[in-house]
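> Supplied structure: model.cif, mmCIF, C-alpha atoms.
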data_query
loop_
_atom_site.label_atom_id
_atom_site.label_comp_id
_atom_site.auth_asym_id
_atom_site.auth_seq_id
_atom_site.Cartn_x
_atom_site.Cartn_y
_atom_site.Cartn_z
CA MET A 1152 0.00 0.00 0.00
CA ALA A 1153 1.34 3.43 -0.96
CA ASP A 1154 2.26 5.85 1.81
CA THR A 1155 -0.38 8.50 2.41
CA VAL A 1156 -1.03 11.42 4.69
CA THR A 1157 -4.49 12.12 6.13
CA ILE A 1158 -5.64 15.72 5.95
CA THR A 1159 -8.59 16.65 8.18
CA ASP A 1160 -10.80 19.70 7.75
CA ASN A 1161 -11.51 20.71 11.35
CA ARG A 1162 -14.49 22.78 10.21
CA THR A 1163 -16.43 19.84 8.83
CA GLY A 1164 -14.59 16.77 10.08
CA LYS A 1165 -14.10 15.58 6.49
CA GLN A 1166 -10.87 13.80 5.67
CA VAL A 1167 -8.89 13.04 2.54
CA GLU A 1168 -6.06 10.59 1.99
CA CYS A 1169 -3.27 12.18 -0.07
CA PRO A 1170 -0.55 9.96 -1.56
CA ILE A 1171 3.07 10.66 -0.65
CA LEU A 1172 5.26 10.59 -3.75
CA THR A 1173 8.94 9.75 -3.44
CA GLY A 1174 11.59 10.66 -5.99
CA VAL A 1175 15.13 9.36 -6.43
CA TYR A 1176 16.48 12.09 -4.14
CA GLY A 1177 14.97 14.93 -2.16
CA ALA A 1178 12.07 15.34 0.22
CA PRO A 1179 8.91 13.32 -0.50
CA VAL A 1180 5.96 15.37 -1.74
CA ILE A 1181 2.28 15.21 -0.86
CA ASP A 1182 0.00 14.83 -3.86
CA THR A 1183 -2.76 17.35 -3.08
CA LYS A 1184 -4.66 17.20 -6.39
CA THR A 1185 -7.82 15.91 -4.66
CA LEU A 1186 -7.88 18.53 -1.89
CA TYR A 1187 -10.30 20.88 -3.59
CA LYS A 1188 -12.56 18.09 -4.86
CA GLU A 1189 -12.82 16.42 -1.45
CA LEU A 1190 -12.47 19.30 1.03
CA GLU A 1191 -12.98 22.39 -1.16
CA VAL A 1192 -9.68 23.93 -0.02
CA PHE A 1193 -6.45 24.93 -1.75
CA THR A 1194 -2.92 25.17 -0.33
CA PHE A 1195 -1.31 28.55 0.37
CA ASP A 1196 2.38 28.71 -0.57
CA PRO A 1197 3.70 32.18 -1.51
CA GLY A 1198 6.64 31.83 -3.87
CA PHE A 1199 5.87 28.10 -4.28
CA THR A 1200 8.79 27.38 -1.94
CA THR A 1201 7.25 24.14 -0.65
CA THR A 1202 5.40 23.11 -3.80
CA ALA A 1203 6.61 20.69 -6.47
CA ALA A 1204 5.05 22.03 -9.66
CA CYS A 1205 6.37 19.24 -11.90
CA LYS A 1206 8.26 15.98 -12.12
CA SER A 1207 11.71 16.35 -13.66
CA ALA A 1208 14.62 14.05 -14.43
CA ILE A 1209 17.05 16.78 -15.51
CA THR A 1210 18.62 18.47 -12.49
CA TYR A 1211 18.70 17.79 -8.77
CA LEU A 1212 20.13 20.04 -6.10
CA ASP A 1213 20.37 19.68 -2.35
CA GLY A 1214 21.02 23.06 -0.81
CA GLU A 1215 21.74 21.68 2.65
CA LYS A 1216 24.47 19.33 1.44
CA GLY A 1217 25.75 21.47 -1.44
CA ILE A 1218 24.93 18.87 -4.11
CA LEU A 1219 24.14 19.65 -7.76
CA LEU A 1220 23.53 16.84 -10.27
CA HIS A 1221 22.72 16.99 -13.99
CA ARG A 1222 21.11 13.74 -15.18
CA GLY A 1223 22.85 12.03 -12.24
CA TYR A 1224 26.33 13.42 -12.92
CA SER A 1225 27.84 15.67 -10.26
CA ILE A 1226 28.63 19.22 -11.28
CA GLU A 1227 32.18 18.64 -9.99
CA GLU A 1228 32.79 15.79 -12.47
CA LEU A 1229 31.20 17.64 -15.36
CA ALA A 1230 33.19 20.79 -14.65
CA GLN A 1231 36.46 18.87 -14.47
CA ASN A 1232 35.99 16.58 -17.47
CA SER A 1233 33.32 17.91 -19.78
CA SER A 1234 32.63 20.79 -22.14
CA TYR A 1235 29.62 23.09 -22.30
CA LEU A 1236 28.43 21.49 -25.55
CA GLU A 1237 28.68 18.01 -24.04
CA VAL A 1238 26.61 19.22 -21.07
CA CYS A 1239 24.09 20.63 -23.56
CA TYR A 1240 23.77 17.19 -25.13
CA LEU A 1241 23.42 15.60 -21.70
CA LEU A 1242 20.64 17.95 -20.62
CA LEU A 1243 18.74 17.50 -23.87
CA TYR A 1244 19.06 13.74 -24.35
CA GLY A 1245 19.69 12.38 -20.86
CA GLU A 1246 23.03 10.67 -21.57
CA LEU A 1247 26.58 11.72 -22.35
CA PRO A 1248 27.25 11.38 -26.09
CA THR A 1249 29.51 8.92 -27.83
CA GLU A 1250 32.09 10.44 -30.18
CA ASP A 1251 29.81 9.81 -33.18
CA GLN A 1252 26.79 11.27 -31.41
CA PHE A 1253 28.76 14.35 -30.40
CA ASP A 1254 30.08 14.86 -33.93
CA THR A 1255 26.54 14.59 -35.28
CA PHE A 1256 25.31 17.05 -32.65
CA ARG A 1257 28.05 19.52 -33.60
CA GLY A 1258 27.10 19.10 -37.23
CA HIS A 1259 23.47 19.95 -36.49
CA LEU A 1260 24.57 23.07 -34.60
CA ASN A 1261 27.00 24.19 -37.30
CA LYS A 1262 24.26 23.84 -39.91
CA ARG A 1263 22.19 26.38 -37.98
CA ASN A 1264 24.77 28.78 -36.56
CA MET A 1265 23.62 31.77 -38.58
CA VAL A 1266 20.66 34.11 -38.20
CA HIS A 1267 18.63 35.65 -40.98
CA GLU A 1268 20.20 38.89 -42.26
CA HIS A 1269 16.88 40.63 -41.74
CA LEU A 1270 16.95 39.75 -38.03
CA GLU A 1271 20.26 41.60 -37.73
CA ARG A 1272 18.42 44.79 -38.70
CA PHE A 1273 16.37 44.48 -35.51
CA TYR A 1274 19.38 45.72 -33.56
CA THR A 1275 19.34 49.06 -35.38
CA GLY A 1276 15.97 49.75 -33.77
CA TYR A 1277 17.71 50.01 -30.39
CA LEU A 1278 19.73 52.97 -29.20
CA TYR A 1279 23.45 52.24 -28.93
CA ASP A 1280 23.24 52.53 -25.14
CA ALA A 1281 20.16 50.30 -24.71
CA HIS A 1282 20.65 47.58 -22.12
CA PRO A 1283 21.80 44.41 -23.91
CA MET A 1284 19.15 42.39 -22.07
CA SER A 1285 16.39 44.49 -23.62
CA MET A 1286 17.85 43.70 -27.04
CA LEU A 1287 18.21 40.01 -26.28
CA ILE A 1288 14.60 39.74 -25.15
CA GLY A 1289 13.37 41.34 -28.37
CA VAL A 1290 15.49 39.43 -30.87
CA THR A 1291 14.95 36.07 -29.13
CA GLY A 1292 11.20 36.51 -29.34
CA ALA A 1293 11.57 37.60 -32.96
CA LEU A 1294 13.20 34.27 -33.89
CA SER A 1295 9.73 32.73 -33.83
CA SER A 1296 8.80 34.68 -36.97
CA TYR A 1297 11.45 32.91 -39.07
CA TYR A 1298 10.70 29.23 -38.54
CA HIS A 1299 7.06 28.60 -39.41
CA GLU A 1300 7.98 25.35 -41.12
CA ALA A 1301 9.14 23.78 -37.85
CA MET A 1302 6.97 25.28 -35.12
CA ASP A 1303 4.59 22.43 -34.42
CA ILE A 1304 5.13 22.02 -30.70
CA HIS A 1305 3.34 18.66 -30.79
CA ASP A 1306 5.84 17.23 -33.27
CA PRO A 1307 8.90 15.68 -31.52
CA LEU A 1308 11.15 16.39 -34.52
CA ASP A 1309 10.12 20.05 -34.61
CA ARG A 1310 10.74 20.34 -30.88
CA GLU A 1311 14.23 18.85 -31.22
CA LEU A 1312 15.04 21.13 -34.15
CA THR A 1313 13.93 24.13 -32.10
CA ALA A 1314 16.24 23.07 -29.25
CA ILE A 1315 19.16 22.82 -31.69
CA ARG A 1316 18.37 26.28 -33.04
CA VAL A 1317 18.25 27.81 -29.57
CA ILE A 1318 21.69 26.45 -28.64
CA ALA A 1319 23.20 27.39 -32.02
CA LYS A 1320 21.81 30.92 -32.25
CA MET A 1321 22.00 32.25 -28.69
CA PRO A 1322 25.76 32.98 -28.89
CA ILE A 1323 25.15 34.94 -32.10
CA LEU A 1324 22.31 36.98 -30.60
CA ALA A 1325 24.33 37.67 -27.45
CA ALA A 1326 27.48 38.72 -29.32
CA HIS A 1327 25.46 40.99 -31.60
CA CYS A 1328 24.03 42.76 -28.53
CA TYR A 1329 27.58 43.66 -27.54
CA LYS A 1330 28.71 44.63 -31.04
CA HIS A 1331 25.73 46.96 -31.46
CA SER A 1332 26.44 48.62 -28.11
CA VAL A 1333 30.02 49.47 -29.10
CA GLY A 1334 29.26 50.30 -32.74
CA HIS A 1335 31.33 47.47 -34.22
CA PRO A 1336 30.33 45.41 -37.27
CA PHE A 1337 28.72 42.05 -36.56
CA VAL A 1338 31.01 39.04 -36.87
CA TYR A 1339 29.75 35.84 -38.46
CA SER A 1340 29.92 32.49 -36.72
CA ARG A 1341 32.71 30.08 -37.73
CA ASP A 1342 32.39 26.30 -38.00
CA ASP A 1343 36.12 25.74 -37.49
CA LEU A 1344 36.06 27.11 -33.94
CA GLY A 1345 34.80 25.52 -30.75
CA TYR A 1346 31.59 26.81 -29.20
CA VAL A 1347 33.32 29.06 -26.65
CA GLU A 1348 36.11 30.16 -29.00
CA ASN A 1349 33.51 31.02 -31.64
CA PHE A 1350 31.55 33.15 -29.19
CA LEU A 1351 34.66 35.05 -28.06
CA ASN A 1352 35.59 35.59 -31.70
CA MET A 1353 32.14 37.03 -32.45
CA MET A 1354 32.49 39.26 -29.39
CA PHE A 1355 36.01 40.62 -29.77
CA SER A 1356 37.38 40.14 -33.27
CA VAL A 1357 37.49 43.15 -35.60
CA PRO A 1358 38.15 43.33 -39.37
CA MET A 1359 41.58 44.98 -39.16
CA ARG A 1360 43.41 42.37 -37.06
CA GLU A 1361 43.49 38.69 -36.11
CA TYR A 1362 41.95 37.66 -32.82
CA THR A 1363 43.12 34.61 -30.88
CA PRO A 1364 41.43 34.00 -27.52
CA ASN A 1365 43.57 33.24 -24.49
CA PRO A 1366 43.30 29.48 -23.68
CA THR A 1367 42.84 30.27 -19.99
CA ALA A 1368 40.02 32.65 -20.90
CA VAL A 1369 38.38 29.93 -23.01
CA LYS A 1370 38.67 27.45 -20.15
CA ALA A 1371 37.21 29.94 -17.66
CA LEU A 1372 34.26 30.84 -19.88
CA ASN A 1373 33.57 27.20 -20.76
CA LEU A 1374 33.47 26.39 -17.06
CA MET A 1375 31.21 29.32 -16.30
CA LEU A 1376 28.74 28.23 -18.98
CA ILE A 1377 28.68 24.69 -17.55
CA LEU A 1378 28.03 25.97 -14.03
CA HIS A 1379 25.09 28.07 -15.19
CA ALA A 1380 23.55 25.60 -17.66
CA ASP A 1381 20.64 24.55 -15.44
CA HIS A 1382 19.63 24.93 -11.83
CA GLU A 1383 16.38 23.09 -11.32
CA GLN A 1384 13.04 24.95 -10.94
CA ASN A 1385 14.27 28.50 -10.36
CA ALA A 1386 12.23 31.60 -11.25
CA SER A 1387 13.24 31.86 -14.91
CA THR A 1388 12.93 28.11 -15.56
CA SER A 1389 9.50 28.08 -13.92
CA THR A 1390 8.54 31.02 -16.14
CA VAL A 1391 9.60 29.12 -19.26
CA ARG A 1392 7.54 26.14 -18.14
CA LEU A 1393 4.50 28.27 -17.29
CA ALA A 1394 4.60 30.05 -20.65
CA GLY A 1395 5.11 26.72 -22.39
CA SER A 1396 2.14 25.21 -20.57
CA ALA A 1397 -0.05 27.67 -22.47
CA GLU A 1398 1.42 26.19 -25.69
CA ALA A 1399 3.23 29.43 -26.49
CA ASN A 1400 5.89 29.11 -29.16
CA PRO A 1401 9.24 28.00 -27.67
CA PHE A 1402 11.19 31.10 -28.69
CA ALA A 1403 8.66 33.25 -26.85
CA CYS A 1404 9.03 30.93 -23.84
CA ILE A 1405 12.81 31.43 -23.87
CA ALA A 1406 12.29 35.20 -24.17
CA ALA A 1407 10.03 35.00 -21.10
CA GLY A 1408 12.83 33.24 -19.25
CA ILE A 1409 15.24 36.02 -20.23
CA VAL A 1410 12.77 38.62 -18.93
CA THR A 1411 12.67 36.87 -15.55
CA LEU A 1412 16.43 36.38 -15.45
CA TRP A 1413 16.91 40.13 -15.86
CA GLY A 1414 15.55 40.66 -12.36
CA SER A 1415 18.19 41.81 -9.89
CA ALA A 1416 17.13 39.07 -7.46
CA HIS A 1417 17.87 36.40 -10.06
CA GLY A 1418 20.36 36.87 -12.89
CA GLY A 1419 21.58 40.33 -11.98
CA ALA A 1420 23.56 39.21 -8.93
CA ASN A 1421 26.98 39.00 -10.62
CA GLU A 1422 26.48 42.52 -11.97
CA ALA A 1423 25.65 43.66 -8.43
CA VAL A 1424 28.93 42.15 -7.17
CA LEU A 1425 30.98 44.43 -9.43
CA LYS A 1426 28.94 47.46 -8.41
CA MET A 1427 29.61 46.60 -4.77
CA LEU A 1428 33.35 46.26 -5.39
CA ALA A 1429 33.35 49.65 -7.10
CA GLU A 1430 31.54 51.11 -4.09
CA ILE A 1431 34.18 49.71 -1.71
CA GLU A 1432 36.88 51.44 -3.84
CA THR A 1433 39.99 50.26 -1.96
CA VAL A 1434 41.16 47.31 0.11
CA ASP A 1435 41.50 49.63 3.11
CA ASN A 1436 37.74 50.25 3.05
CA ILE A 1437 36.81 46.58 3.35
CA PRO A 1438 36.60 46.52 7.21
CA LYS A 1439 34.16 49.42 7.10
CA PHE A 1440 31.89 47.61 4.65
CA ILE A 1441 32.18 44.35 6.59
CA ALA A 1442 30.97 46.26 9.66
CA ARG A 1443 28.08 47.68 7.67
CA ALA A 1444 27.09 44.19 6.51
CA LYS A 1445 26.95 43.05 10.15
CA ASP A 1446 24.85 46.05 11.21
CA LYS A 1447 21.18 45.04 11.30
CA ASP A 1448 20.14 48.68 10.89
CA ASP A 1449 22.21 49.19 7.74
CA LYS A 1450 20.61 48.16 4.44
CA PHE A 1451 23.99 47.46 2.84
CA LYS A 1452 24.51 43.82 1.83
CA LEU A 1453 27.62 42.02 0.68
CA MET A 1454 26.61 40.83 -2.78
CA GLY A 1455 27.86 37.44 -3.93
CA PHE A 1456 27.84 35.84 -0.48
CA GLY A 1457 25.40 33.17 0.64
CA HIS A 1458 22.66 31.63 -1.48
CA ARG A 1459 18.90 31.31 -1.15
CA VAL A 1460 19.00 27.57 -1.87
CA TYR A 1461 22.49 26.51 -0.79
CA LYS A 1462 22.81 26.53 2.99
CA ASN A 1463 26.30 25.15 2.66
CA TYR A 1464 29.09 26.21 0.32
CA ASP A 1465 27.79 26.61 -3.23
CA PRO A 1466 29.49 23.68 -5.06
CA ARG A 1467 29.75 25.80 -8.20
CA ALA A 1468 31.70 28.43 -6.28
CA THR A 1469 34.22 25.84 -5.11
CA ILE A 1470 34.82 24.83 -8.73
CA ILE A 1471 35.01 28.30 -10.24
CA ARG A 1472 37.22 29.80 -7.53
CA GLN A 1473 40.50 28.26 -8.75
CA VAL A 1474 39.81 29.10 -12.38
CA CYS A 1475 39.07 32.67 -11.33
CA HIS A 1476 42.39 32.89 -9.50
CA ASP A 1477 44.26 31.33 -12.46
CA LEU A 1478 42.70 33.83 -14.85
CA LEU A 1479 43.61 36.82 -12.69
CA LYS A 1480 47.23 35.63 -12.52
CA GLU A 1481 47.51 35.26 -16.27
CA ILE A 1482 45.56 38.17 -17.72
CA ASP A 1483 47.18 41.58 -17.44
CA THR A 1484 44.40 44.03 -16.73
CA VAL A 1485 44.18 47.77 -16.15
CA ASP A 1486 41.58 47.24 -13.43
CA GLN A 1487 43.74 45.29 -11.01
CA PRO A 1488 42.45 47.23 -7.93
CA THR A 1489 38.97 45.74 -8.39
CA PHE A 1490 40.37 42.23 -8.36
CA GLU A 1491 42.56 42.99 -5.35
CA ILE A 1492 39.48 44.15 -3.46
CA ALA A 1493 37.59 41.01 -4.48
CA MET A 1494 40.35 38.64 -3.38
CA ALA A 1495 40.90 40.48 -0.09
CA LEU A 1496 37.16 40.45 0.59
CA GLU A 1497 37.02 36.73 -0.14
CA GLU A 1498 39.91 36.02 2.25
CA ILE A 1499 38.37 38.04 5.08
CA ALA A 1500 34.89 36.55 4.66
CA LEU A 1501 36.24 32.99 4.65
CA LYS A 1502 37.95 33.58 8.01
CA ASP A 1503 35.43 35.83 9.78
CA GLU A 1504 33.33 33.93 12.35
CA TYR A 1505 30.28 36.07 11.52
CA PHE A 1506 30.21 34.74 7.94
CA ILE A 1507 31.29 31.21 8.85
CA GLU A 1508 28.52 30.82 11.45
CA ARG A 1509 25.89 32.04 8.98
CA LYS A 1510 27.44 30.06 6.10
CA LEU A 1511 27.76 33.23 4.05
CA TYR A 1512 30.39 31.84 1.72
CA PRO A 1513 31.24 33.39 -1.65
CA ASN A 1514 28.81 32.03 -4.24
CA VAL A 1515 29.10 31.45 -7.98
CA ASP A 1516 27.94 35.01 -8.74
CA PHE A 1517 30.89 36.43 -6.81
CA TYR A 1518 33.43 34.64 -8.97
CA SER A 1519 31.58 34.75 -12.29
CA GLY A 1520 31.34 38.54 -12.14
CA ILE A 1521 35.09 38.80 -11.57
CA ILE A 1522 35.81 36.36 -14.42
CA LEU A 1523 33.60 38.25 -16.87
CA LYS A 1524 35.31 41.50 -15.96
CA ALA A 1525 38.72 39.91 -16.44
CA LEU A 1526 37.62 38.71 -19.88
CA GLY A 1527 36.80 42.27 -20.87
CA ILE A 1528 33.04 41.73 -20.98
CA PRO A 1529 31.21 44.89 -19.86
CA THR A 1530 29.01 44.80 -16.78
CA SER A 1531 25.85 45.39 -18.82
CA MET A 1532 26.50 42.08 -20.62
CA TYR A 1533 26.77 39.93 -17.50
CA THR A 1534 23.13 38.84 -17.41
CA VAL A 1535 23.25 38.22 -21.17
CA MET A 1536 26.08 35.76 -20.49
CA PHE A 1537 23.93 34.09 -17.85
CA ALA A 1538 21.07 33.82 -20.38
CA LEU A 1539 23.42 32.32 -22.97
CA ALA A 1540 24.48 29.61 -20.51
CA ARG A 1541 20.99 28.94 -19.14
CA SER A 1542 19.26 28.76 -22.54
CA VAL A 1543 20.02 25.05 -22.81
CA GLY A 1544 18.49 24.41 -19.39
CA TRP A 1545 15.37 26.34 -20.36
CA ILE A 1546 14.88 24.48 -23.64
CA ALA A 1547 15.62 21.10 -22.01
CA GLN A 1548 13.01 21.80 -19.34
CA TRP A 1549 10.54 22.89 -22.04
CA LEU A 1550 11.14 19.68 -23.99
CA GLU A 1551 10.60 17.58 -20.87
CA MET A 1552 7.37 19.39 -20.06
CA MET A 1553 6.00 18.93 -23.59
CA GLU A 1554 6.66 15.17 -23.33
CA ASP A 1555 5.05 14.85 -19.89
CA PRO A 1556 1.82 12.77 -19.98
CA ASP A 1557 0.51 14.98 -17.14
CA PHE A 1558 1.04 18.11 -19.23
CA LYS A 1559 -1.54 20.81 -18.55
CA ILE A 1560 -1.71 24.58 -18.51
CA GLY A 1561 -0.38 26.17 -15.34
CA ARG A 1562 -3.08 27.78 -13.23
CA PRO A 1563 -1.99 28.82 -9.72
CA ARG A 1564 -4.77 29.61 -7.25
CA GLN A 1565 -5.05 32.56 -4.87
CA LEU A 1566 -6.34 33.57 -1.46
CA TYR A 1567 -8.72 36.42 -2.24
CA VAL A 1568 -8.58 39.23 0.36
CA GLY A 1569 -10.44 41.97 -1.52
CA GLN A 1570 -13.87 43.54 -1.11
CA GLU A 1571 -17.03 41.49 -0.68
CA LYS A 1572 -19.60 41.68 -3.49
CA ARG A 1573 -21.15 45.13 -3.65
CA ASP A 1574 -23.51 47.06 -5.88
CA TYR A 1575 -22.51 49.66 -8.44
CA VAL A 1576 -23.33 53.26 -7.44
CA PRO A 1577 -23.74 55.92 -10.18
CA ILE A 1578 -21.08 58.62 -10.04
CA ASN A 1579 -23.55 61.40 -9.10
CA LYS A 1580 -24.64 59.44 -5.99
CA ARG A 1581 -21.21 58.53 -4.64
CA LYS A 1582 -19.97 60.20 -1.49
#
So, in terms of structure tokens, how does the structure I just supplied come out?


Amino acid sequence: MADTVTITDNRTGKQVECPILTGVYGAPVIDTKTLYKELEVFTFDPGFTTTAACKSAITYLDGEKGILLHRGYSIEELAQNSSYLEVCYLLLYGELPTEDQFDTFRGHLNKRNMVHEHLERFYTGYLYDAHPMSMLIGVTGALSSYYHEAMDIHDPLDRELTAIRVIAKMPILAAHCYKHSVGHPFVYSRDDLGYVENFLNMMFSVPMREYTPNPTAVKALNLMLILHADHEQNASTSTVRLAGSAEANPFACIAAGIVTLWGSAHGGANEAVLKMLAEIETVDNIPKFIARAKDKDDKFKLMGFGHRVYKNYDPRATIIRQVCHDLLKEIDTVDQPTFEIAMALEEIALKDEYFIERKLYPNVDFYSGIILKALGIPTSMYTVMFALARSVGWIAQWLEMMEDPDFKIGRPRQLYVGQEKRDYVPINKRK
């Protein structure tokens, strides 16, 4: 007999038996689908923090233990041994590819690593100083107008083709956002370069000279993309799923995810880290800002420390920390003071009992912001980089949802606290 929990309505004495569902890992969940039918009540869960809105086999994280798995593989193993494209394949298809499968996958991507020339004109509709995220939202949504022949969301082959197009075209859209902002000509994608090398080439190469990316920079960016590829049912992923549940076209769903990611409480954290470091100004000012962070009456917060989900050290931060340090040693930069502040702040926070007791360790946003700055990527592009990495997670989650036999449109309920029913009063009789 399946495990159940008995829920009693103390108002009426009615009871309902709700099954307890158990996954491979994680807390069991109570199946409350029959609550309204049997007891005429809903659950109240602001932010859906204790609600499982779907079943998923893609990503699992345990914030208490600092565990992150993609399709059963630990993020530590993937970061050490894999590439971003291989992780893309894993998230989409559930298994790591063989050499032949990977070559075929690369071939499918290379076949679609251009965008229509007309789409490139969309960028001219934006001011040169428009935020790159506003551009990315617009052009990603616009992709849906170019692929009418393969937009049947109920056709598995069309869905797979759409996923390939998302992964192939997001680096192009992202790089074009940067090129438009600095007034440089767009650079076409190249089949002879790896995924990360190709993106850096589209970002930084110019017609008058050769561009060869630093191998350490390529390694750092590849790692950063892996670490941001998917992160379970976060706000942007849930948005993609909710939009997809209405059978919206997948490019619009991805655009909706980008909109959500733009929020400062979600994807804007690494940008906030650099703003904080600029505010600190010098290493000598760090103790003052540490004191402010400890002051309950001061609204100042140390950005890039602690995590809403991870109550232990963010496993992604452990991985990215060494690469960040390696990059700073190798790349000669004019903004060395910022990095000195960051490293000094990290050292102090890791030793200070206040932060240790509260498990306020540096998180992945702390290091990724520093890496992006070291690579010469402007602060306004940081969330675009996050969107580039996360696009594979979004499309993988969308694919999984579309294949779910329990697929249905999302329809959260509410606790209404407004006025009781009342009669309309003509304007000349209102007091």

> Calculated over all atoms listed in the file, which of the candidates A:Ala1325, A:Met1354, A:Ile1470, A:Leu1453 has the smallest distance to Leu1539 in chain A?

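That would be A:Ala1325, the residue with the smallest distance to Leu1539 in chain A.
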
> Here's the selection I'm unsure about, the PyMOL selection byres ((chain A and resi 1492) around 8); applied to the file above, which residues does it give, as a PDB file with C-alpha atoms, in the frame of the given file?


ATOM      1  CA  LEU A1428      33.350  46.260  -5.390  1.00  0.00           C
ATOM      2  CA  ILE A1431      34.180  49.710  -1.710  1.00  0.00           C
ATOM      3  CA  GLU A1432      36.880  51.440  -3.840  1.00  0.00           C
ATOM      4  CA  THR A1433      39.990  50.260  -1.960  1.00  0.00           C
ATOM      5  CA  VAL A1434      41.160  47.310   0.110  1.00  0.00           C
ATOM      6  CA  ILE A1437      36.810  46.580   3.350  1.00  0.00           C
ATOM      7  CA  PRO A1488      42.450  47.230  -7.930  1.00  0.00           C
ATOM      8  CA  THR A1489      38.970  45.740  -8.390  1.00  0.00           C
ATOM      9  CA  PHE A1490      40.370  42.230  -8.360  1.00  0.00           C
ATOM     10  CA  GLU A1491      42.560  42.990  -5.350  1.00  0.00           C
ATOM     11  CA  ALA A1493      37.590  41.010  -4.480  1.00  0.00           C
ATOM     12  CA  MET A1494      40.350  38.640  -3.380  1.00  0.00           C
ATOM     13  CA  ALA A1495      40.900  40.480  -0.090  1.00  0.00           C
ATOM     14  CA  LEU A1496      37.160  40.450   0.590  1.00  0.00           C
TER      15      LEU A1496
END

> Once the PyMOL selection byres ((chain A and resi 1551) around 12) has been applied to the shown file, what residues remain in the selection, as a VMD selection string?

chain A and resid 1205 to 1210 1242 to 1245 1307 1310 to 1311 1314 1391 to 1392 1395 to 1396 1544 to 1550 1552 to 1558

> Taking all atoms of range 1300-1312 of chain A that appear in the file, build a box with edges along x, y and z, extend it by 5 Å on every side, and state its centre and edge lengths in Å to one decimal, as AutoDock Vina command-line options.


--center_x 9.2 --center_y 20.5 --center_z -35.9 --size_x 21.7 --size_y 19.7 --size_z 20.4

> If we count all atoms listed in the file, what is near Pro1179 in chain A at a cut-off of 12 Å, once residues fewer than 4 positions away on the same chain are taken out, given as a ChimeraX atom specification?

/A:1154-1156,1170-1175,1201-1203,1206

> Which residues are near Glu1227 in chain A? Cut-off 10 Å, all atoms listed in the file, ignore same chain within fewer than 5 positions. Put them as a list in words.

Ile1218, Leu1219, Leu1220, Asn1232, Ser1233, Leu1378, Pro1466, Arg1467, Thr1469 and Ile1470 of chain A

> Return the single residue from A:Leu1501, A:Ala1204, A:Ile1288, A:Pro1563 that is closest to Thr1388 in chain A, with distances computed using all atoms listed in the file.

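Checking each of A:Leu1501, A:Ala1204, A:Ile1288, A:Pro1563 against Thr1388 in chain A, counting all atoms listed in the file, the winner is A:Ala1204.
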
> Tell me, as a ChimeraX atom specification, which residues lie within 12 Å of Ala1407 in chain A, counting only C-alpha atoms; anything in the same chain fewer than 2 positions away does not count.

/A:1284-1285,1287-1289,1291-1292,1386-1395,1399-1405,1409-1414,1538,1542,1545-1546

> Using only C-alpha atoms, can you tell me which of A:Lys1426, A:Arg1257, A:Lys1216, A:Lys1450 comes closest to Leu1236 in chain A?

A:Arg1257

> Can you list, as a ChimeraX atom specification, every protein, DNA or RNA residue that comes within 8 Å of Asn1373 in chain A when you count only C-alpha atoms, leaving out same-chain residues fewer than 6 positions away?

/A:1234-1235,1347

> Considering all atoms listed in the file, state which residue in the set A:Arg1573, A:Arg1162, A:His1458, A:Lys1320 is at the smallest distance from Val1543 in chain A.

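Smallest separation from Val1543 in chain A among the options: A:Lys1320.
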
> Distance cut-off 12 Å, centre (-5.6, 21.8, -0.5) in file coordinates, counting only C-alpha atoms: which residues qualify? Return them as a VMD selection string.

chain A and resid 1157 to 1160 1166 to 1169 1181 to 1196 1202 1564 to 1566

> Expressed in Å to a single decimal, how great is the separation between CA of Ser1531 in chain A and CA of Val1290 in chain A?

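Computing the Euclidean distance for CA of Ser1531 in chain A and CA of Val1290 in chain A yields 17.0 Å.
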
> For the PyMOL selection byres ((chain A and resi 1358) around 10), applied here, can you spell out every residue it catches as an mmCIF file with C-alpha atoms, in the coordinates of the input?


data_model
loop_
_atom_site.group_PDB
_atom_site.id
_atom_site.type_symbol
_atom_site.label_atom_id
_atom_site.label_comp_id
_atom_site.auth_asym_id
_atom_site.auth_seq_id
_atom_site.Cartn_x
_atom_site.Cartn_y
_atom_site.Cartn_z
ATOM 1 C CA HIS A 1335 31.330 47.470 -34.220
ATOM 2 C CA PRO A 1336 30.330 45.410 -37.270
ATOM 3 C CA PHE A 1337 28.720 42.050 -36.560
ATOM 4 C CA VAL A 1338 31.010 39.040 -36.870
ATOM 5 C CA SER A 1356 37.380 40.140 -33.270
ATOM 6 C CA VAL A 1357 37.490 43.150 -35.600
ATOM 7 C CA MET A 1359 41.580 44.980 -39.160
ATOM 8 C CA ARG A 1360 43.410 42.370 -37.060
ATOM 9 C CA GLU A 1361 43.490 38.690 -36.110
ATOM 10 C CA TYR A 1362 41.950 37.660 -32.820
#

> What gap, in Å, lies between CA of Glu1497 in chain A and CA of Pro1513 in chain A?

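Going from CA of Glu1497 in chain A over to CA of Pro1513 in chain A, I get 6.8 Å.
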
> In Å, rounded to a single decimal, give me how far CA of Gly1455 in chain A is from CA of Asp1516 in chain A.

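Atom-to-atom, CA of Asp1516 in chain A to CA of Gly1455 in chain A, that is 5.4 Å.
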
> Which residues are close to range 1443-1446 of chain A, i.e. within 12 Å by all atoms listed in the file, leaving aside same-chain residues fewer than 3 positions away? Reply as JSON, numbers by chain.

{"A": [1427, 1431, 1436, 1437, 1438, 1439, 1440, 1449, 1450, 1451, 1452, 1453, 1454, 1456, 1500, 1503, 1504, 1505, 1506, 1509, 1511]}
